[in-house]
Every structure is written in structure tokens, then in C-alpha cells.
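J.: mmCIF, N, CA and C atoms, file input.cif:
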```
data_structure
loop_
_atom_site.group_PDB
_atom_site.id
_atom_site.type_symbol
_atom_site.label_atom_id
_atom_site.label_comp_id
_atom_site.auth_asym_id
_atom_site.auth_seq_id
_atom_site.Cartn_x
_atom_site.Cartn_y
_atom_site.Cartn_z
ATOM 1 N N MET A 1 195.667 -67.199 180.479
ATOM 2 C CA MET A 1 195.369 -67.191 179.060
ATOM 3 C C MET A 1 193.848 -67.074 178.905
ATOM 4 N N SER A 2 193.423 -66.206 177.972
ATOM 5 C CA SER A 2 191.988 -66.024 177.770
ATOM 6 C C SER A 2 191.424 -67.184 176.962
ATOM 7 N N ALA A 3 190.102 -67.285 176.953
ATOM 8 C CA ALA A 3 189.447 -68.358 176.188
ATOM 9 C C ALA A 3 189.762 -68.237 174.706
ATOM 10 N N ALA A 4 189.826 -67.012 174.193
ATOM 11 C CA ALA A 4 190.133 -66.819 172.769
ATOM 12 C C ALA A 4 191.520 -67.347 172.445
ATOM 13 N N HIS A 5 192.501 -67.066 173.311
ATOM 14 C CA HIS A 5 193.845 -67.571 173.064
ATOM 15 C C HIS A 5 193.909 -69.085 173.189
ATOM 16 N N ALA A 6 193.154 -69.651 174.094
ATOM 17 C CA ALA A 6 193.106 -71.109 174.230
ATOM 18 C C ALA A 6 192.533 -71.735 172.975
ATOM 19 N N ASP A 7 191.496 -71.124 172.398
ATOM 20 C CA ASP A 7 190.907 -71.642 171.161
ATOM 21 C C ASP A 7 191.907 -71.556 170.019
ATOM 22 N N ASP A 8 192.641 -70.420 169.910
ATOM 23 C CA ASP A 8 193.635 -70.265 168.859
ATOM 24 C C ASP A 8 194.702 -71.345 168.984
ATOM 25 N N ARG A 9 195.130 -71.591 170.187
ATOM 26 C CA ARG A 9 196.180 -72.579 170.421
ATOM 27 C C ARG A 9 195.702 -73.972 170.047
ATOM 28 N N SER A 10 194.483 -74.311 170.414
ATOM 29 C CA SER A 10 193.987 -75.643 170.091
ATOM 30 C C SER A 10 193.782 -75.796 168.578
ATOM 31 N N ASP A 11 193.384 -74.727 167.880
ATOM 32 C CA ASP A 11 193.271 -74.781 166.423
ATOM 33 C C ASP A 11 194.639 -75.036 165.806
ATOM 34 N N HIS A 12 195.640 -74.333 166.313
ATOM 35 C CA HIS A 12 197.000 -74.505 165.816
ATOM 36 C C HIS A 12 197.479 -75.939 166.061
ATOM 37 N N ASP A 13 197.214 -76.458 167.240
ATOM 38 C CA ASP A 13 197.612 -77.825 167.571
ATOM 39 C C ASP A 13 196.910 -78.844 166.679
ATOM 40 N N ARG A 14 195.623 -78.630 166.437
ATOM 41 C CA ARG A 14 194.875 -79.544 165.551
ATOM 42 C C ARG A 14 195.416 -79.492 164.123
ATOM 43 N N ALA A 15 195.738 -78.303 163.647
ATOM 44 C CA ALA A 15 196.291 -78.168 162.293
ATOM 45 C C ALA A 15 197.646 -78.869 162.196
ATOM 46 N N ARG A 16 198.486 -78.690 163.215
ATOM 47 C CA ARG A 16 199.802 -79.342 163.224
ATOM 48 C C ARG A 16 199.648 -80.867 163.249
ATOM 49 N N ALA A 17 198.699 -81.354 164.051
ATOM 50 C CA ALA A 17 198.453 -82.801 164.125
ATOM 51 C C ALA A 17 197.938 -83.331 162.780
ATOM 52 N N ALA A 18 197.110 -82.555 162.106
ATOM 53 C CA ALA A 18 196.585 -82.964 160.797
ATOM 54 C C ALA A 18 197.720 -83.076 159.781
ATOM 55 N N LEU A 19 198.662 -82.153 159.826
ATOM 56 C CA LEU A 19 199.814 -82.198 158.925
ATOM 57 C C LEU A 19 200.661 -83.431 159.217
ATOM 58 N N LYS A 20 200.916 -83.677 160.502
ATOM 59 C CA LYS A 20 201.705 -84.847 160.908
ATOM 60 C C LYS A 20 201.039 -86.155 160.493
ATOM 61 N N ALA A 21 199.716 -86.191 160.584
ATOM 62 C CA ALA A 21 198.965 -87.404 160.258
ATOM 63 C C ALA A 21 198.760 -87.585 158.753
ATOM 64 N N GLY A 22 199.208 -86.604 157.961
ATOM 65 C CA GLY A 22 199.038 -86.712 156.509
ATOM 66 C C GLY A 22 197.651 -86.323 156.031
ATOM 67 N N GLU A 23 196.882 -85.669 156.882
ATOM 68 C CA GLU A 23 195.540 -85.227 156.494
ATOM 69 C C GLU A 23 195.577 -83.964 155.647
ATOM 70 N N VAL A 24 196.682 -83.233 155.713
ATOM 71 C CA VAL A 24 196.844 -82.023 154.908
ATOM 72 C C VAL A 24 198.223 -82.024 154.279
ATOM 73 N N LEU A 25 198.330 -81.381 153.132
ATOM 74 C CA LEU A 25 199.622 -81.194 152.482
ATOM 75 C C LEU A 25 200.333 -80.013 153.127
ATOM 76 N N PRO A 26 201.654 -80.012 153.097
ATOM 77 C CA PRO A 26 202.366 -78.831 153.575
ATOM 78 C C PRO A 26 201.975 -77.615 152.724
ATOM 79 N N LEU A 27 201.928 -76.462 153.354
ATOM 80 C CA LEU A 27 201.524 -75.247 152.656
ATOM 81 C C LEU A 27 202.363 -75.018 151.408
ATOM 82 N N GLN A 28 203.666 -75.243 151.468
ATOM 83 C CA GLN A 28 204.543 -75.019 150.311
ATOM 84 C C GLN A 28 204.096 -75.853 149.114
ATOM 85 N N ASP A 29 203.710 -77.100 149.338
ATOM 86 C CA ASP A 29 203.242 -77.960 148.247
ATOM 87 C C ASP A 29 201.955 -77.410 147.637
ATOM 88 N N VAL A 30 201.050 -76.965 148.485
ATOM 89 C CA VAL A 30 199.776 -76.407 148.014
ATOM 90 C C VAL A 30 200.035 -75.144 147.194
ATOM 91 N N LEU A 31 200.896 -74.273 147.689
ATOM 92 C CA LEU A 31 201.190 -73.032 146.978
ATOM 93 C C LEU A 31 201.814 -73.285 145.611
ATOM 94 N N GLU A 32 202.708 -74.265 145.521
ATOM 95 C CA GLU A 32 203.326 -74.585 144.238
ATOM 96 C C GLU A 32 202.276 -74.995 143.215
ATOM 97 N N LYS A 33 201.302 -75.799 143.626
ATOM 98 C CA LYS A 33 200.244 -76.240 142.713
ATOM 99 C C LYS A 33 199.307 -75.094 142.350
ATOM 100 N N VAL A 34 198.922 -74.308 143.334
ATOM 101 C CA VAL A 34 197.980 -73.215 143.102
ATOM 102 C C VAL A 34 198.593 -72.131 142.219
ATOM 103 N N GLN A 35 199.880 -71.848 142.404
ATOM 104 C CA GLN A 35 200.534 -70.779 141.646
ATOM 105 C C GLN A 35 200.539 -71.048 140.141
ATOM 106 N N ARG A 36 200.474 -72.291 139.740
ATOM 107 C CA ARG A 36 200.461 -72.620 138.308
ATOM 108 C C ARG A 36 199.220 -72.057 137.617
ATOM 109 N N SER A 37 198.092 -72.117 138.291
ATOM 110 C CA SER A 37 196.846 -71.652 137.677
ATOM 111 C C SER A 37 196.361 -70.309 138.228
ATOM 112 N N HIS A 38 196.885 -69.906 139.383
ATOM 113 C CA HIS A 38 196.471 -68.660 140.028
ATOM 114 C C HIS A 38 197.713 -67.921 140.536
ATOM 115 N N PRO A 39 198.492 -67.326 139.629
ATOM 116 C CA PRO A 39 199.711 -66.646 140.070
ATOM 117 C C PRO A 39 199.392 -65.409 140.895
ATOM 118 N N GLY A 40 200.283 -65.099 141.809
ATOM 119 C CA GLY A 40 200.124 -63.895 142.618
ATOM 120 C C GLY A 40 200.973 -63.967 143.866
ATOM 121 N N GLU A 41 201.060 -62.839 144.535
ATOM 122 C CA GLU A 41 201.825 -62.738 145.774
ATOM 123 C C GLU A 41 200.928 -63.117 146.946
ATOM 124 N N LEU A 42 201.385 -64.056 147.754
ATOM 125 C CA LEU A 42 200.615 -64.507 148.905
ATOM 126 C C LEU A 42 200.595 -63.413 149.972
ATOM 127 N N LEU A 43 199.395 -62.981 150.347
ATOM 128 C CA LEU A 43 199.238 -61.957 151.372
ATOM 129 C C LEU A 43 198.835 -62.547 152.715
ATOM 130 N N GLU A 44 198.020 -63.602 152.667
ATOM 131 C CA GLU A 44 197.475 -64.157 153.913
ATOM 132 C C GLU A 44 197.096 -65.619 153.683
ATOM 133 N N VAL A 45 197.232 -66.417 154.737
ATOM 134 C CA VAL A 45 196.824 -67.822 154.664
ATOM 135 C C VAL A 45 196.251 -68.246 156.011
ATOM 136 N N GLU A 46 195.196 -69.039 155.938
ATOM 137 C CA GLU A 46 194.611 -69.640 157.141
ATOM 138 C C GLU A 46 194.313 -71.096 156.815
ATOM 139 N N LEU A 47 194.405 -71.941 157.817
ATOM 140 C CA LEU A 47 194.029 -73.340 157.682
ATOM 141 C C LEU A 47 192.878 -73.581 158.643
ATOM 142 N N GLU A 48 191.743 -73.960 158.080
ATOM 143 C CA GLU A 48 190.548 -74.149 158.899
ATOM 144 C C GLU A 48 189.859 -75.455 158.544
ATOM 145 N N ARG A 49 189.089 -75.931 159.488
ATOM 146 C CA ARG A 49 188.281 -77.133 159.286
ATOM 147 C C ARG A 49 186.893 -76.676 158.843
ATOM 148 N N GLU A 50 186.467 -77.112 157.645
ATOM 149 C CA GLU A 50 185.156 -76.734 157.109
ATOM 150 C C GLU A 50 184.462 -77.969 156.552
ATOM 151 N N ASP A 51 183.254 -78.197 157.002
ATOM 152 C CA ASP A 51 182.443 -79.320 156.500
ATOM 153 C C ASP A 51 183.204 -80.639 156.513
ATOM 154 N N GLY A 52 183.946 -80.875 157.590
ATOM 155 C CA GLY A 52 184.632 -82.159 157.741
ATOM 156 C C GLY A 52 185.955 -82.278 157.014
ATOM 157 N N ARG A 53 186.431 -81.208 156.384
ATOM 158 C CA ARG A 53 187.731 -81.288 155.713
ATOM 159 C C ARG A 53 188.545 -80.033 156.015
ATOM 160 N N TRP A 54 189.865 -80.172 155.873
ATOM 161 C CA TRP A 54 190.766 -79.058 156.075
ATOM 162 C C TRP A 54 190.830 -78.218 154.809
ATOM 163 N N VAL A 55 190.774 -76.900 154.986
ATOM 164 C CA VAL A 55 190.774 -75.977 153.852
ATOM 165 C C VAL A 55 191.793 -74.865 154.126
ATOM 166 N N TYR A 56 192.688 -74.656 153.143
ATOM 167 C CA TYR A 56 193.565 -73.487 153.191
ATOM 168 C C TYR A 56 192.802 -72.327 152.569
ATOM 169 N N GLU A 57 192.724 -71.231 153.290
ATOM 170 C CA GLU A 57 192.127 -70.011 152.752
ATOM 171 C C GLU A 57 193.280 -69.085 152.402
ATOM 172 N N LEU A 58 193.431 -68.799 151.108
ATOM 173 C CA LEU A 58 194.555 -68.004 150.626
ATOM 174 C C LEU A 58 194.064 -66.669 150.100
ATOM 175 N N LYS A 59 194.842 -65.628 150.329
ATOM 176 C CA LYS A 59 194.566 -64.318 149.756
ATOM 177 C C LYS A 59 195.796 -63.955 148.934
ATOM 178 N N LEU A 60 195.594 -63.738 147.623
ATOM 179 C CA LEU A 60 196.693 -63.433 146.712
ATOM 180 C C LEU A 60 196.504 -62.066 146.082
ATOM 181 N N LEU A 61 197.611 -61.358 145.871
ATOM 182 C CA LEU A 61 197.598 -60.113 145.127
ATOM 183 C C LEU A 61 198.136 -60.432 143.742
ATOM 184 N N GLN A 62 197.280 -60.233 142.729
ATOM 185 C CA GLN A 62 197.661 -60.555 141.363
ATOM 186 C C GLN A 62 198.104 -59.305 140.620
ATOM 187 N N SER A 63 198.630 -59.515 139.418
ATOM 188 C CA SER A 63 199.089 -58.383 138.622
ATOM 189 C C SER A 63 197.946 -57.401 138.400
ATOM 190 N N GLY A 64 198.280 -56.149 138.322
ATOM 191 C CA GLY A 64 197.270 -55.123 138.133
ATOM 192 C C GLY A 64 196.540 -54.764 139.411
ATOM 193 N N GLY A 65 196.943 -55.348 140.538
ATOM 194 C CA GLY A 65 196.337 -55.003 141.807
ATOM 195 C C GLY A 65 195.062 -55.755 142.157
ATOM 196 N N ARG A 66 194.742 -56.804 141.395
ATOM 197 C CA ARG A 66 193.538 -57.601 141.703
ATOM 198 C C ARG A 66 193.785 -58.460 142.940
ATOM 199 N N LEU A 67 192.765 -58.550 143.796
ATOM 200 C CA LEU A 67 192.821 -59.377 144.994
ATOM 201 C C LEU A 67 192.047 -60.666 144.733
ATOM 202 N N LEU A 68 192.679 -61.798 144.964
ATOM 203 C CA LEU A 68 192.054 -63.097 144.729
ATOM 204 C C LEU A 68 192.032 -63.867 146.039
ATOM 205 N N ARG A 69 190.858 -64.367 146.394
ATOM 206 C CA ARG A 69 190.706 -65.228 147.572
ATOM 207 C C ARG A 69 190.375 -66.629 147.086
ATOM 208 N N LEU A 70 191.097 -67.598 147.601
ATOM 209 C CA LEU A 70 190.900 -68.992 147.215
ATOM 210 C C LEU A 70 190.667 -69.856 148.439
ATOM 211 N N ASP A 71 189.727 -70.784 148.317
ATOM 212 C CA ASP A 71 189.565 -71.856 149.293
ATOM 213 C C ASP A 71 190.117 -73.103 148.611
ATOM 214 N N VAL A 72 191.113 -73.724 149.233
ATOM 215 C CA VAL A 72 191.822 -74.842 148.621
ATOM 216 C C VAL A 72 191.755 -76.049 149.547
ATOM 217 N N ASP A 73 191.347 -77.203 148.995
ATOM 218 C CA ASP A 73 191.326 -78.441 149.769
ATOM 219 C C ASP A 73 192.748 -78.725 150.226
ATOM 220 N N ALA A 74 192.964 -78.812 151.530
ATOM 221 C CA ALA A 74 194.302 -78.948 152.085
ATOM 222 C C ALA A 74 194.917 -80.324 151.849
ATOM 223 N N LYS A 75 194.108 -81.294 151.482
ATOM 224 C CA LYS A 75 194.635 -82.646 151.245
ATOM 225 C C LYS A 75 194.999 -82.865 149.776
ATOM 226 N N THR A 76 194.261 -82.209 148.863
ATOM 227 C CA THR A 76 194.467 -82.453 147.438
ATOM 228 C C THR A 76 195.002 -81.242 146.684
ATOM 229 N N ALA A 77 194.960 -80.068 147.289
ATOM 230 C CA ALA A 77 195.340 -78.794 146.668
ATOM 231 C C ALA A 77 194.370 -78.371 145.562
ATOM 232 N N ALA A 78 193.183 -78.972 145.536
ATOM 233 C CA ALA A 78 192.165 -78.579 144.552
ATOM 234 C C ALA A 78 191.505 -77.276 145.015
ATOM 235 N N VAL A 79 191.339 -76.346 144.067
ATOM 236 C CA VAL A 79 190.671 -75.088 144.386
ATOM 237 C C VAL A 79 189.173 -75.368 144.499
ATOM 238 N N LEU A 80 188.614 -75.074 145.657
ATOM 239 C CA LEU A 80 187.199 -75.313 145.914
ATOM 240 C C LEU A 80 186.357 -74.099 145.550
ATOM 241 N N ARG A 81 186.914 -72.907 145.783
ATOM 242 C CA ARG A 81 186.168 -71.691 145.508
ATOM 243 C C ARG A 81 187.151 -70.556 145.286
ATOM 244 N N SER A 82 186.821 -69.669 144.356
ATOM 245 C CA SER A 82 187.657 -68.486 144.151
ATOM 246 C C SER A 82 186.753 -67.261 144.064
ATOM 247 N N ARG A 83 187.262 -66.182 144.618
ATOM 248 C CA ARG A 83 186.552 -64.908 144.584
ATOM 249 C C ARG A 83 187.576 -63.847 144.227
ATOM 250 N N GLN A 84 187.261 -63.061 143.206
ATOM 251 C CA GLN A 84 188.217 -62.056 142.764
ATOM 252 C C GLN A 84 187.612 -60.666 142.884
ATOM 253 N N ARG A 85 188.403 -59.756 143.403
ATOM 254 C CA ARG A 85 187.997 -58.362 143.504
ATOM 255 C C ARG A 85 188.823 -57.600 142.475
ATOM 256 N N PRO A 86 188.163 -56.786 141.635
ATOM 257 C CA PRO A 86 188.923 -56.048 140.614
ATOM 258 C C PRO A 86 189.896 -55.053 141.243
ATOM 259 N N ALA A 87 190.881 -54.679 140.454
ATOM 260 C CA ALA A 87 191.855 -53.693 140.910
ATOM 261 C C ALA A 87 191.168 -52.349 141.085
ATOM 262 N N PRO A 88 191.635 -51.555 142.023
ATOM 263 C CA PRO A 88 191.062 -50.216 142.175
ATOM 264 C C PRO A 88 191.327 -49.409 140.912
ATOM 265 N N GLU A 89 190.330 -48.665 140.486
ATOM 266 C CA GLU A 89 190.476 -47.876 139.268
ATOM 267 C C GLU A 89 190.870 -46.453 139.620
ATOM 268 N N ALA A 90 191.306 -45.718 138.603
ATOM 269 C CA ALA A 90 191.689 -44.318 138.798
ATOM 270 C C ALA A 90 190.486 -43.528 139.284
ATOM 271 N N LYS A 91 190.743 -42.498 140.085
ATOM 272 C CA LYS A 91 189.663 -41.692 140.656
ATOM 273 C C LYS A 91 188.850 -40.979 139.582
ATOM 274 N N THR A 92 189.511 -40.432 138.591
ATOM 275 C CA THR A 92 188.792 -39.725 137.531
ATOM 276 C C THR A 92 189.255 -40.250 136.188
ATOM 277 N N PRO A 93 188.365 -40.309 135.196
ATOM 278 C CA PRO A 93 188.775 -40.791 133.872
ATOM 279 C C PRO A 93 189.870 -39.930 133.270
ATOM 280 N N ALA A 94 189.857 -38.627 133.537
ATOM 281 C CA ALA A 94 190.860 -37.735 132.982
ATOM 282 C C ALA A 94 192.261 -38.076 133.491
ATOM 283 N N ALA A 95 192.342 -38.579 134.696
ATOM 284 C CA ALA A 95 193.635 -38.896 135.289
ATOM 285 C C ALA A 95 194.334 -40.018 134.543
ATOM 286 N N SER A 96 193.572 -40.934 133.943
ATOM 287 C CA SER A 96 194.193 -42.053 133.259
ATOM 288 C C SER A 96 194.204 -41.895 131.746
ATOM 289 N N ALA A 97 193.475 -40.908 131.230
ATOM 290 C CA ALA A 97 193.410 -40.701 129.776
ATOM 291 C C ALA A 97 194.631 -39.929 129.324
ATOM 292 N N PRO A 98 195.139 -40.253 128.133
ATOM 293 C CA PRO A 98 196.292 -39.490 127.615
ATOM 294 C C PRO A 98 195.851 -38.048 127.303
ATOM 295 N N GLU A 99 196.783 -37.145 127.477
ATOM 296 C CA GLU A 99 196.471 -35.739 127.226
ATOM 297 C C GLU A 99 196.340 -35.507 125.727
ATOM 298 N N ARG A 100 195.318 -34.769 125.324
ATOM 299 C CA ARG A 100 195.111 -34.459 123.901
ATOM 300 C C ARG A 100 195.365 -32.979 123.677
ATOM 301 N N ARG A 101 196.041 -32.694 122.611
ATOM 302 C CA ARG A 101 196.283 -31.301 122.256
ATOM 303 C C ARG A 101 195.707 -31.046 120.878
ATOM 304 N N PRO A 102 195.067 -29.868 120.681
ATOM 305 C CA PRO A 102 194.487 -29.559 119.350
ATOM 306 C C PRO A 102 195.526 -29.302 118.313
#
```
Could I get this structure in the form of C-alpha cells?

T.:
Amino acid sequence: MSAAHADDRSDHDRARAALKAGEVLPLQDVLEKVQRSHPGELLEVELEREDGRWVYELKLLQSGGRLLRLDVDAKTAAVLRSRQRPAPEAKTPAASAPERRP
């Protein structure tokens, strides 16, 4: 096993131990709380240790194609930081404008 895989495994083990010890909420509980104020389809999730606390990093696809990234306190489900990327726009204005006839 390479060093990178060993690090991944130990991160996974630490996250599992944190869940067992009650240091983090189960992901399902966090998602239920977050979805109330930040609806969207979950694309990606990571659980990482940052500044002494566990943080779920979520990537959501919202209506209209907007991408939302959230950092959520894994113990309280409080949103710590959000970053939103606007939906991709049409390539040309004419493509999205209604056709006009004289």
C-alpha cells in the first residue's frame, strides 16, 4: 500500500471513530438540516478535520444549474461558509432571446 493510500485509510478510520464517539453527526442528519435552507442535489461530500473541528464539505447542484459549496460544522450542522458559482449562461444572447418578427 502506498503512503497516499495509508493516509486515506487513516483519515477514514479517524472519521469513523469521530462518528462513533459522537464528535460528528451522521451525514444524513446534517443533510436534512442543510437542505431546509440550501436545497439542491448532493454531488460530493468530504469529511475533514479543520482548525480542531470536523467539517463536512458539501457540493450541491441547485435549480438553474448553480453550484453551491458549503462547509458545515459536523457536530452542529451549522453552515460555516458558503460559496456559490452562477449557472452557466447561454453562449450568445441571440440563442436565449425570443425570435422577433416584423

J.: Tell me which protein, DNA and RNA residues are within 6.5 Å of Arg66 in chain A, counting only N, CA and C atoms, leaving out same-chain ones fewer than 6 positions away, and put them as number ranges by chain.

T.: A: 60, 85-88

J.: Deliver the residues from the most recent selection as a file, using N, CA and C atoms, as a JSON list (two decimals), in the coordinates of the input.

T.:
```
[["chain", "number", "residue", "atom", "x", "y", "z"],
["A", 60, "LEU", "N", 195.59, -63.74, 147.62],
["A", 60, "LEU", "CA", 196.69, -63.43, 146.71],
["A", 60, "LEU", "C", 196.50, -62.07, 146.08],
["A", 85, "ARG", "N", 188.40, -59.76, 143.40],
["A", 85, "ARG", "CA", 188.00, -58.36, 143.50],
["A", 85, "ARG", "C", 188.82, -57.60, 142.48],
["A", 86, "PRO", "N", 188.16, -56.79, 141.64],
["A", 86, "PRO", "CA", 188.92, -56.05, 140.61],
["A", 86, "PRO", "C", 189.90, -55.05, 141.24],
["A", 87, "ALA", "N", 190.88, -54.68, 140.45],
["A", 87, "ALA", "CA", 191.86, -53.69, 140.91],
["A", 87, "ALA", "C", 191.17, -52.35, 141.08],
["A", 88, "PRO", "N", 191.64, -51.56, 142.02],
["A", 88, "PRO", "CA", 191.06, -50.22, 142.18],
["A", 88, "PRO", "C", 191.33, -49.41, 140.91]]
```

J.: Need the shell around range 33-48 of chain A: protein/DNA/RNA residues with any atom at most 7 Å away, counting only C-alpha atoms. Skip same-chain ones fewer than 6 positions apart. Format as an NGL selection string?

T.: :A and (54-63 or 77)

J.: Which value, in Å to one decimal, gives the distance between CA of Ala78 in chain A and CA of Arg16 in chain A?

T.: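 Distance reported for this atom pair: 20.2 Å.
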
J.: Atom N of Arg49 in chain A and atom N of Asp71 in chain A, how far apart in Å?

T.: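 For atom N of Asp71 in chain A relative to atom N of Arg49 in chain A, the distance reads 12.3 Å.
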
J.: Identify, on the basis of only C-alpha atoms, every residue whose closest approach to Arg14 in chain A does not exceed 12 Å; exclude the query and any residue fewer than 2 positions from it along the same chain; express the result as a ChimeraX atom specification.

T.: /A:7-12,16-21,23-24,47-49,54

J.: Once the PyMOL selection byres (((chain A and resi 80-82 and name CA) around 7) and name CA) has been evaluated on this model, what residues remain selected, and can you format them as a ChimeraX atom specification?

T.: /A:68-73,78-79,83-84

J.: Take CA of Ala74 in chain A and CA of Leu25 in chain A and report the distance between them in Å, one decimal.

T.: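 It comes out at 5.8 Å.
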
J.: Report as number ranges by chain: the residues of range 6-93 of chain A with a DSSP assignment of alpha helix (DSSP H), based on the backbone of this structure.

T.: A: 6-20, 27-37, 93
